[in-house]
Structures are given as structure tokens and as C-alpha cells.
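Participant: Next up, run_27.pdb (PDB, C-alpha atoms).
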```pdb
ATOM      1  CA  MET A   1     -76.793  31.219 143.773
ATOM      2  CA  VAL A   2     -77.461  33.397 140.728
ATOM      3  CA  ARG A   3     -77.270  37.005 141.828
ATOM      4  CA  ILE A   4     -79.344  39.805 140.354
ATOM      5  CA  ARG A   5     -77.497  43.062 139.743
ATOM      6  CA  VAL A   6     -79.793  46.073 140.187
ATOM      7  CA  LEU A   7     -79.103  49.769 139.593
ATOM      8  CA  VAL A   8     -81.415  52.282 141.309
ATOM      9  CA  VAL A   9     -81.592  55.589 139.427
ATOM     10  CA  ASP A  10     -83.220  58.423 141.379
ATOM     11  CA  ASP A  11     -82.145  62.003 142.006
ATOM     12  CA  HIS A  12     -83.669  61.956 145.494
ATOM     13  CA  ARG A  13     -80.646  60.669 147.343
ATOM     14  CA  ILE A  14     -82.385  59.551 150.535
ATOM     15  CA  PHE A  15     -84.950  57.521 148.594
ATOM     16  CA  ALA A  16     -82.306  55.978 146.337
ATOM     17  CA  GLU A  17     -80.049  55.003 149.227
ATOM     18  CA  SER A  18     -82.936  53.665 151.321
ATOM     19  CA  LEU A  19     -84.238  51.542 148.468
ATOM     20  CA  ALA A  20     -80.749  50.299 147.642
ATOM     21  CA  ALA A  21     -80.196  49.309 151.283
ATOM     22  CA  ALA A  22     -83.522  47.440 151.418
ATOM     23  CA  LEU A  23     -82.769  45.531 148.225
ATOM     24  CA  ALA A  24     -79.209  44.771 149.329
ATOM     25  CA  ALA A  25     -80.620  42.867 152.318
ATOM     26  CA  GLU A  26     -81.838  40.193 149.893
ATOM     27  CA  PRO A  27     -79.312  37.334 149.610
ATOM     28  CA  ASP A  28     -79.500  37.159 145.803
ATOM     29  CA  VAL A  29     -79.417  40.901 145.009
ATOM     30  CA  ASP A  30     -76.421  43.173 144.414
ATOM     31  CA  VAL A  31     -77.435  46.816 144.174
ATOM     32  CA  SER A  32     -75.899  50.168 143.285
ATOM     33  CA  ALA A  33     -77.391  53.654 143.002
ATOM     34  CA  ALA A  34     -77.022  56.571 140.584
ATOM     35  CA  GLY A  35     -78.401  60.082 140.934
ATOM     36  CA  SER A  36     -78.965  60.980 137.278
ATOM     37  CA  GLY A  37     -79.454  59.493 133.844
ATOM     38  CA  SER A  38     -75.931  60.369 132.753
ATOM     39  CA  ALA A  39     -74.488  58.803 135.922
ATOM     40  CA  ALA A  40     -76.545  55.679 135.273
ATOM     41  CA  LEU A  41     -75.233  55.378 131.724
ATOM     42  CA  ARG A  42     -71.675  55.732 133.022
ATOM     43  CA  CYS A  43     -72.336  52.988 135.587
ATOM     44  CA  LEU A  44     -73.629  50.701 132.861
ATOM     45  CA  GLU A  45     -70.609  51.324 130.649
ATOM     46  CA  ARG A  46     -68.191  50.804 133.537
ATOM     47  CA  ALA A  47     -69.922  47.567 134.507
ATOM     48  CA  VAL A  48     -69.651  46.250 130.949
ATOM     49  CA  ALA A  49     -65.942  47.127 130.867
ATOM     50  CA  GLU A  50     -65.424  45.264 134.134
ATOM     51  CA  GLY A  51     -67.426  42.236 133.017
ATOM     52  CA  ARG A  52     -70.200  42.628 135.579
ATOM     53  CA  ARG A  53     -73.262  43.788 133.695
ATOM     54  CA  PHE A  54     -76.408  45.022 135.429
ATOM     55  CA  ASP A  55     -79.586  43.018 135.001
ATOM     56  CA  VAL A  56     -82.285  45.511 136.027
ATOM     57  CA  LEU A  57     -82.563  49.299 136.257
ATOM     58  CA  LEU A  58     -85.123  50.853 138.606
ATOM     59  CA  VAL A  59     -85.690  54.318 137.133
ATOM     60  CA  ASP A  60     -87.506  57.260 138.706
ATOM     61  CA  ALA A  61     -90.258  58.383 136.307
ATOM     62  CA  ASP A  62     -89.623  61.989 137.365
ATOM     63  CA  LEU A  63     -85.848  61.780 137.135
ATOM     64  CA  GLY A  64     -84.561  65.310 136.587
ATOM     65  CA  ALA A  65     -88.100  66.729 136.724
ATOM     66  CA  GLY A  66     -88.201  70.163 135.160
ATOM     67  CA  ALA A  67     -85.414  69.397 132.695
ATOM     68  CA  SER A  68     -86.329  69.263 129.043
ATOM     69  CA  VAL A  69     -86.691  65.938 127.274
ATOM     70  CA  PRO A  70     -83.900  63.991 125.615
ATOM     71  CA  ALA A  71     -81.539  64.892 122.892
ATOM     72  CA  GLN A  72     -82.958  65.487 119.455
ATOM     73  CA  ARG A  73     -85.594  67.895 120.708
ATOM     74  CA  GLU A  74     -87.519  69.648 117.944
ATOM     75  CA  SER A  75     -85.207  72.642 118.269
ATOM     76  CA  GLY A  76     -82.270  70.385 117.463
ATOM     77  CA  SER A  77     -80.543  70.848 120.797
ATOM     78  CA  GLY A  78     -81.079  69.568 124.284
ATOM     79  CA  PRO A  79     -79.686  67.630 127.183
ATOM     80  CA  PRO A  80     -77.930  64.312 126.635
ATOM     81  CA  PRO A  81     -79.820  61.015 126.369
ATOM     82  CA  GLY A  82     -81.100  59.867 129.725
ATOM     83  CA  ALA A  83     -81.884  63.379 130.991
ATOM     84  CA  ASP A  84     -85.287  62.224 132.261
ATOM     85  CA  GLY A  85     -86.667  58.878 133.344
ATOM     86  CA  ILE A  86     -88.376  57.743 130.150
ATOM     87  CA  ALA A  87     -85.530  59.134 128.031
ATOM     88  CA  LEU A  88     -83.140  57.000 130.087
ATOM     89  CA  VAL A  89     -85.284  53.931 129.394
ATOM     90  CA  ALA A  90     -85.047  54.615 125.655
ATOM     91  CA  ALA A  91     -81.288  55.226 125.820
ATOM     92  CA  VAL A  92     -80.702  51.990 127.728
ATOM     93  CA  ARG A  93     -82.782  49.990 125.254
ATOM     94  CA  VAL A  94     -80.442  51.155 122.481
ATOM     95  CA  SER A  95     -77.085  50.979 124.267
ATOM     96  CA  HIS A  96     -77.711  48.045 126.640
ATOM     97  CA  PRO A  97     -80.559  45.964 125.179
ATOM     98  CA  GLY A  98     -79.981  43.111 127.617
ATOM     99  CA  VAL A  99     -80.825  45.280 130.631
ATOM    100  CA  ARG A 100     -84.436  45.295 131.841
ATOM    101  CA  THR A 101     -85.861  48.622 133.038
ATOM    102  CA  VAL A 102     -88.647  49.205 135.554
ATOM    103  CA  VAL A 103     -90.070  52.705 136.072
ATOM    104  CA  LEU A 104     -90.848  53.821 139.634
ATOM    105  CA  ALA A 105     -93.672  56.375 139.768
ATOM    106  CA  GLU A 106     -95.253  58.454 142.498
ATOM    107  CA  ARG A 107     -98.673  58.368 140.803
ATOM    108  CA  ASP A 108    -100.590  56.318 138.289
ATOM    109  CA  ASP A 109    -100.454  57.918 134.857
ATOM    110  CA  PRO A 110    -101.668  55.748 131.933
ATOM    111  CA  ARG A 111    -100.214  58.036 129.283
ATOM    112  CA  ARG A 112     -96.731  58.159 130.774
ATOM    113  CA  ALA A 113     -96.850  54.448 131.553
ATOM    114  CA  ALA A 114     -97.687  53.780 127.892
ATOM    115  CA  HIS A 115     -94.809  56.022 126.806
ATOM    116  CA  ALA A 116     -92.487  54.121 129.139
ATOM    117  CA  LEU A 117     -93.514  50.783 127.622
ATOM    118  CA  GLN A 118     -93.052  52.185 124.114
ATOM    119  CA  ALA A 119     -89.586  53.388 125.141
ATOM    120  CA  GLY A 120     -88.679  49.857 126.226
ATOM    121  CA  ALA A 121     -89.628  49.575 129.907
ATOM    122  CA  SER A 122     -90.675  46.187 131.219
ATOM    123  CA  GLY A 123     -92.683  47.547 134.115
ATOM    124  CA  TRP A 124     -94.290  50.524 135.850
ATOM    125  CA  VAL A 125     -94.474  50.306 139.639
ATOM    126  CA  ALA A 126     -95.703  52.658 142.360
ATOM    127  CA  LYS A 127     -92.949  54.031 144.576
ATOM    128  CA  ASP A 128     -94.998  53.197 147.651
ATOM    129  CA  CYS A 129     -95.420  49.525 146.755
ATOM    130  CA  SER A 130     -94.149  46.886 149.167
ATOM    131  CA  LEU A 131     -90.602  45.560 148.935
ATOM    132  CA  SER A 132     -91.964  42.077 148.241
ATOM    133  CA  ARG A 133     -93.989  43.453 145.313
ATOM    134  CA  LEU A 134     -90.952  45.230 143.894
ATOM    135  CA  LEU A 135     -88.816  42.102 144.206
ATOM    136  CA  ALA A 136     -91.521  40.111 142.425
ATOM    137  CA  VAL A 137     -91.447  42.638 139.570
ATOM    138  CA  ILE A 138     -87.635  42.562 139.385
ATOM    139  CA  ARG A 139     -87.612  38.784 139.157
ATOM    140  CA  GLY A 140     -90.562  38.818 136.772
ATOM    141  CA  VAL A 141     -89.028  41.137 134.188
ATOM    142  CA  LEU A 142     -85.981  38.876 134.084
ATOM    143  CA  ARG A 143     -88.403  36.157 132.913
ATOM    144  CA  GLU A 144     -89.502  38.487 130.088
ATOM    145  CA  GLU A 145     -92.711  39.479 131.914
ATOM    146  CA  THR A 146     -94.272  42.955 131.676
ATOM    147  CA  HIS A 147     -95.646  44.372 134.923
ATOM    148  CA  LEU A 148     -98.288  47.098 135.326
ATOM    149  CA  PRO A 149    -100.616  47.923 138.231
ATOM    150  CA  PRO A 150    -104.055  46.382 137.470
ATOM    151  CA  ALA A 151    -105.685  49.821 137.783
ATOM    152  CA  LEU A 152    -103.569  51.076 134.864
ATOM    153  CA  LEU A 153    -104.181  48.263 132.398
ATOM    154  CA  THR A 154    -107.281  49.686 130.703
ATOM    155  CA  GLY A 155    -105.841  53.186 130.421
ATOM    156  CA  VAL A 156    -102.491  51.963 129.087
ATOM    157  CA  LEU A 157    -104.151  49.741 126.479
ATOM    158  CA  ARG A 158    -106.272  52.705 125.383
ATOM    159  CA  GLU A 159    -103.168  54.890 125.048
ATOM    160  CA  LEU A 160    -101.255  52.228 123.098
ATOM    161  CA  THR A 161    -104.199  51.689 120.747
ATOM    162  CA  ALA A 162    -104.492  55.439 120.127
ATOM    163  CA  ALA A 163    -100.746  55.709 119.563
ATOM    164  CA  ARG A 164    -100.917  52.880 117.014
ATOM    165  CA  LYS A 165    -103.702  54.673 115.141
ATOM    166  CA  HIS A 166    -101.781  57.964 115.159
ATOM    167  CA  ARG A 167     -98.706  56.127 113.889
ATOM    168  CA  THR A 168    -100.681  54.531 111.048
ATOM    169  CA  ASP A 169    -102.171  57.882 110.031
ATOM    170  CA  SER A 170     -98.752  59.530 110.248
ATOM    171  CA  GLU A 171     -97.123  56.788 108.177
ATOM    172  CA  ARG A 172     -99.718  57.274 105.440
ATOM    173  CA  LEU A 173     -98.963  61.021 105.293
ATOM    174  CA  VAL A 174     -95.202  60.464 105.215
ATOM    175  CA  GLU A 175     -95.616  57.986 102.351
ATOM    176  CA  SER A 176     -97.062  60.837 100.251
ATOM    177  CA  LEU A 177     -93.684  62.607 100.229
ATOM    178  CA  THR A 178     -91.276  62.403  97.325
ATOM    179  CA  PRO A 179     -87.830  60.855  98.002
ATOM    180  CA  ARG A 180     -86.266  64.327  98.149
ATOM    181  CA  GLU A 181     -88.949  65.624 100.517
ATOM    182  CA  HIS A 182     -88.367  62.568 102.698
ATOM    183  CA  GLU A 183     -84.642  63.402 102.824
ATOM    184  CA  VAL A 184     -85.500  66.959 103.859
ATOM    185  CA  LEU A 185     -87.854  65.642 106.550
ATOM    186  CA  ARG A 186     -85.121  63.377 107.953
ATOM    187  CA  CYS A 187     -82.848  66.409 108.180
ATOM    188  CA  MET A 188     -85.590  68.306 109.993
ATOM    189  CA  VAL A 189     -85.954  65.414 112.458
ATOM    190  CA  ALA A 190     -82.187  65.618 113.029
ATOM    191  CA  GLY A 191     -82.648  69.263 114.036
ATOM    192  CA  LEU A 192     -81.037  70.889 110.992
ATOM    193  CA  GLY A 193     -82.087  74.362 109.908
ATOM    194  CA  ARG A 194     -82.657  75.434 106.330
ATOM    195  CA  LYS A 195     -79.046  76.441 105.618
ATOM    196  CA  ASP A 196     -77.658  73.236 107.108
ATOM    197  CA  VAL A 197     -80.105  71.139 105.084
ATOM    198  CA  ALA A 198     -79.063  73.008 101.959
ATOM    199  CA  ALA A 199     -75.376  72.349 102.656
ATOM    200  CA  ARG A 200     -75.974  68.673 103.412
ATOM    201  CA  LEU A 201     -78.105  68.010 100.311
ATOM    202  CA  PHE A 202     -76.147  70.363  98.014
ATOM    203  CA  LEU A 203     -79.233  72.480  97.335
ATOM    204  CA  SER A 204     -79.900  76.195  97.468
ATOM    205  CA  PRO A 205     -81.618  77.543 100.608
ATOM    206  CA  HIS A 206     -84.491  78.699  98.388
ATOM    207  CA  THR A 207     -84.992  75.156  97.053
ATOM    208  CA  VAL A 208     -84.866  73.744 100.571
ATOM    209  CA  ARG A 209     -87.436  76.317 101.676
ATOM    210  CA  THR A 210     -89.758  75.139  98.901
ATOM    211  CA  HIS A 211     -89.256  71.490  99.884
ATOM    212  CA  MET A 212     -89.965  72.308 103.544
ATOM    213  CA  GLN A 213     -93.172  74.125 102.607
ATOM    214  CA  ASN A 214     -94.224  71.124 100.514
ATOM    215  CA  VAL A 215     -93.483  68.786 103.424
ATOM    216  CA  LEU A 216     -95.599  70.856 105.811
ATOM    217  CA  GLY A 217     -98.437  71.015 103.284
ATOM    218  CA  LYS A 218     -98.477  67.277 102.584
ATOM    219  CA  LEU A 219     -98.288  66.428 106.286
ATOM    220  CA  GLY A 220    -101.101  68.884 107.033
ATOM    221  CA  VAL A 221     -99.163  70.804 109.699
ATOM    222  CA  HIS A 222     -98.187  74.438 110.113
ATOM    223  CA  SER A 223     -94.775  74.310 111.773
ATOM    224  CA  THR A 224     -91.487  72.464 111.721
ATOM    225  CA  LEU A 225     -92.102  71.325 115.313
ATOM    226  CA  ALA A 226     -95.387  69.688 114.325
ATOM    227  CA  ALA A 227     -93.803  68.071 111.261
ATOM    228  CA  VAL A 228     -91.011  66.591 113.390
ATOM    229  CA  ALA A 229     -93.489  65.273 115.957
ATOM    230  CA  LEU A 230     -95.562  63.625 113.216
ATOM    231  CA  ALA A 231     -92.431  62.181 111.591
ATOM    232  CA  ARG A 232     -91.357  60.618 114.863
ATOM    233  CA  ARG A 233     -94.761  59.029 115.312
ATOM    234  CA  ALA A 234     -94.361  57.557 111.842
ATOM    235  CA  GLY A 235     -90.965  56.125 112.746
ATOM    236  CA  VAL A 236     -88.949  58.444 110.491
ATOM    237  CA  ARG A 237     -85.288  58.195 111.490
ATOM    238  CA  PRO A 238     -83.179  61.358 111.699
ATOM    239  CA  ALA A 239     -80.485  61.886 109.110
ATOM    240  CA  ASP A 240     -77.250  60.218 110.222
ATOM    241  CA  LEU A 241     -75.128  63.321 110.700
ATOM    242  CA  ALA A 242     -72.166  61.456 112.208
ATOM    243  CA  GLY A 243     -72.171  58.933 109.394
ATOM    244  CA  ASP A 244     -72.306  61.758 106.883
ATOM    245  CA  VAL A 245     -69.219  63.376 108.412
ATOM    246  CA  VAL A 246     -67.337  60.085 108.314
ATOM    247  CA  GLU A 247     -68.352  59.480 104.712
ATOM    248  CA  ARG A 248     -67.273  62.939 103.623
ATOM    249  CA  SER A 249     -63.993  62.611 105.576
ATOM    250  CA  GLY A 250     -63.369  59.350 103.723
ATOM    251  CA  GLN A 251     -64.003  61.043 100.413
ATOM    252  CA  LEU A 252     -61.587  63.819 101.301
ATOM    253  CA  ALA A 253     -58.985  61.257 102.310
TER     254      ALA A 253
END
```
Could you quickly redo this structure as C-alpha cells?
Facilitator:
Amino acid sequence: MVRIRVLVVDDHRIFAESLAAALAAEPDVDVSAAGSGSAALRCLERAVAEGRRFDVLLVDADLGAGASVPAQRESGSGPPPGADGIALVAAVRVSHPGVRTVVLAERDDPRRAAHALQAGASGWVAKDCSLSRLLAVIRGVLREETHLPPALLTGVLRELTAARKHRTDSERLVESLTPREHEVLRCMVAGLGRKDVAARLFLSPHTVRTHMQNVLGKLGVHSTLAAVALARRAGVRPADLAGDVVERSGQLA
């Protein structure tokens, strides 16, 4: 019998343990539980090291509710990846692409469901659904299916269509930037301030200030936060700060 390895991620311990116990009663399911995004990521890494990878994550949509969203916030600082439910989905897609994620939600929310799908989730399921429904979703996502409640389909499609339009508009604005302005924007997305951008690009702070003003003007926004949000919609990647350190270390060596 092929067994399905499931990790329940929910910071409400009673719910997590109850759900894990219910799933564990199935003959083909092995289940573990984690109480936070960081704990879940550690479980995934440990499982890989031990040669027993997880197949499906069931993630609380409101994991760590009240905490700010993942690393790389507009301010340039923030909690580690996986600090909230949808951030955990995105982190798992990058670090463990073979793992399917299903978001468990207390209420229907087309916008958040759309964000979850964009982050890499394979499903959005109500927390009060039946165990048989949840098992059907778990088995379905392993067949590459995407699962949404029927009542959410129209709203989610509307959100995804709007997001695609915003992305197209944002991409067109970003394409108007010069190569240097694009470099500056990538540094802004990485959370660097003016002095740090100047040091990285070997420019004067005054020159960087001018470039930043040009970036804001061409993007049609009035703040760094808005420019970063638009850049992310357009798919602009942050400057690779770690890679830059390695490169410079190699040059020094």
C-alpha cells in the first residue's frame, strides 16, 4: 500500500492534534503536526534528510494571525518565510516543489484563495468540511488536481483575471525604466535604503536619489512602498544580496 505522508500546520493545537488523529485513522495516511510555519519548514527539512518526504501540507490560512507578512516586506525587514499561511505556501513551493499544499480556511474569501493559488497552493478547503471531503482533496492534489469550493470559483477567477491585468499594466511601466533604474528598483525590492543602494552600485547617494525619483515618476507612484508593490506585481526579482556578497568575497580572495 502506498502511504500518503501529511503534515498539518496550525497554531491552534487542539485543532491540529484532532485533525491529525482523524487522518491517522486512515490506513494509507501517515500524519504529523506543526504549530508554526518555521516548525513546518524544519519538519520538511528533517524529513528530506531522513529520506521520508512529506506529500501534502494542510496549512491554516490564518497561521500566525496578527503577525506581519513574510520576509522581504516593503520596509526590508520582517519575520522569516512561512510566518503566515500563504507565505508558508510560497516558501514551500520554492524549497520543496514536490510537496502539494492545501489551505484550510474558516471562511470563504475569494481574494485570499486567489492569492493562495498564486503562491502555489493546490487547494482551498473549509475547516468545517467533512473528513471524507478533505481526504478526497488530499488524494486529488496528488493527481495534480486543483480543488476549490464551488461557491468560490467565480470570485477566484475574477481575482485572478484582475491580477493578470494589473501584472500586465505593471510590466509595461517597468519596461519604461532604463537598465540603471531597473537595477535601482531591484535594490528597492530587496529592501535596501538609499545609502545601501549607493554602496552596492558604486554611486553617490545623490545620484541614487535622482534614480529613485525617476523610478517613482515613471511608475506613476508616490512612495517606495508603492513602487515595490508594483514591481512585485510585475515579477521584478529582488537584487541577489547573498550572491553579491559571495561574488565580492571571491574578488577579495
Participant: Quick one: pull the distance between CA of His182 in chain A and CA of Lys218 in chain A, Å, one decimal.
Facilitator: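 Computing the Euclidean distance for CA of His182 in chain A and CA of Lys218 in chain A yields 11.2 Å.
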Participant: Tell me which residues the PyMOL selection byres ((chain A and resi 150-154) around 10) grabs here, as a PDB file with C-alpha atoms, in the frame of the given file.
Facilitator:
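The resulting file, selection.pdb, is reproduced below:
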```pdb
ATOM      1  CA  ASP A 108    -100.590  56.318 138.289  1.00  0.00           C
ATOM      2  CA  ASP A 109    -100.454  57.918 134.857  1.00  0.00           C
ATOM      3  CA  PRO A 110    -101.668  55.748 131.933  1.00  0.00           C
ATOM      4  CA  ARG A 111    -100.214  58.036 129.283  1.00  0.00           C
ATOM      5  CA  ALA A 113     -96.850  54.448 131.553  1.00  0.00           C
ATOM      6  CA  ALA A 114     -97.687  53.780 127.892  1.00  0.00           C
ATOM      7  CA  TRP A 124     -94.290  50.524 135.850  1.00  0.00           C
ATOM      8  CA  HIS A 147     -95.646  44.372 134.923  1.00  0.00           C
ATOM      9  CA  LEU A 148     -98.288  47.098 135.326  1.00  0.00           C
ATOM     10  CA  PRO A 149    -100.616  47.923 138.231  1.00  0.00           C
ATOM     11  CA  GLY A 155    -105.841  53.186 130.421  1.00  0.00           C
ATOM     12  CA  VAL A 156    -102.491  51.963 129.087  1.00  0.00           C
ATOM     13  CA  LEU A 157    -104.151  49.741 126.479  1.00  0.00           C
ATOM     14  CA  ARG A 158    -106.272  52.705 125.383  1.00  0.00           C
ATOM     15  CA  GLU A 159    -103.168  54.890 125.048  1.00  0.00           C
TER      16      GLU A 159
END
```
Participant: Quick one: which residues end up in the PyMOL selection byres ((chain A and resi 125-139) around 10) for this structure, as an MDAnalysis selection string?
Facilitator: chainID A and resid 4 6 15 19 22:23 26 29 55:61 100:108 113 122:124 140:149
Participant: Starting from the displayed file, determine the output of the PyMOL selection byres ((chain A and resi 224) around 12) and express the residue list as a count of residues only.
Facilitator: 34
Participant: Find the residue from A:Glu45, A:Asp28, A:Glu175, A:Asp169 that sits nearest to His96 in chain A; use only C-alpha atoms when measuring.
Facilitator: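 Among the listed residues, A:Glu45 lies closest to His96 in chain A.
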Participant: Tell me which of A:Pro179, A:Arg3, A:Asp11, A:Ala47 sits closest to Ala34 in chain A, counting all atoms listed in the file.
Facilitator: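 The shortest atom-to-atom distance to Ala34 in chain A comes from A:Asp11.
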Participant: So how far away is CA of Ala25 in chain A from CA of Val2 in chain A, in Å?
Facilitator: 15.3 Å
Participant: Take CA of Gly98 in chain A and CA of Arg46 in chain A and report the distance between them in Å, one decimal.
Facilitator: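 Computed distance, CA of Gly98 in chain A to CA of Arg46 in chain A, equals 15.3 Å.
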Participant: Compare A:Leu63, A:Gly235, A:Ala90, A:Gly51 by their minimum atom-to-atom distance to Ala16 in chain A, counting only C-alpha atoms, and give me the closest one.
Facilitator: A:Leu63
Participant: With distances taken over all atoms listed in the file, which of A:Ala24, A:Val236, A:Val8, A:Ile86 is nearest to Cys43 in chain A?
Facilitator: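 Between A:Ala24, A:Val236, A:Val8, A:Ile86, the residue approaching Cys43 in chain A most closely is A:Val8.
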Participant: Fewer than 5 positions away in the same chain doesn't count, so skip those; otherwise give me all residues within 9 Å of Arg13 in chain A, counting all atoms listed in the file, as a list in words.
Facilitator: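 Once the adjacent positions are removed, what remains is Ser18, Ala33, Ala34 and Gly35 of chain A.
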Participant: Neighbours of Val89 in chain A within 8 Å (all atoms listed in the file; same-chain residues fewer than 2 positions away dropped), as a list in words?
Facilitator: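 Near neighbours after the sequence-gap exclusion: Val59, Gly82, Gly85, Ile86, Ala87, Ala91, Val92, Arg93, Thr101, Ala116, Ala119, Gly120 and Ala121 of chain A.
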Participant: Nearest residue to Asp62 in chain A out of A:Arg233, A:Lys195, A:Arg200, A:Arg112, using all atoms listed in the file?
Facilitator: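 Among the listed residues, A:Arg112 lies closest to Asp62 in chain A.
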Participant: With 4 Å on each side, where is the centre of the axis-aligned box around all listed atoms of range 80-99 of chain A, and how long are its edges in Å to one decimal, as lines of an AutoDock Vina configuration file?
Facilitator:
```
center_x = -82.7
center_y = 53.7
center_z = 127.9
size_x = 19.3
size_y = 29.2
size_z = 18.9
```
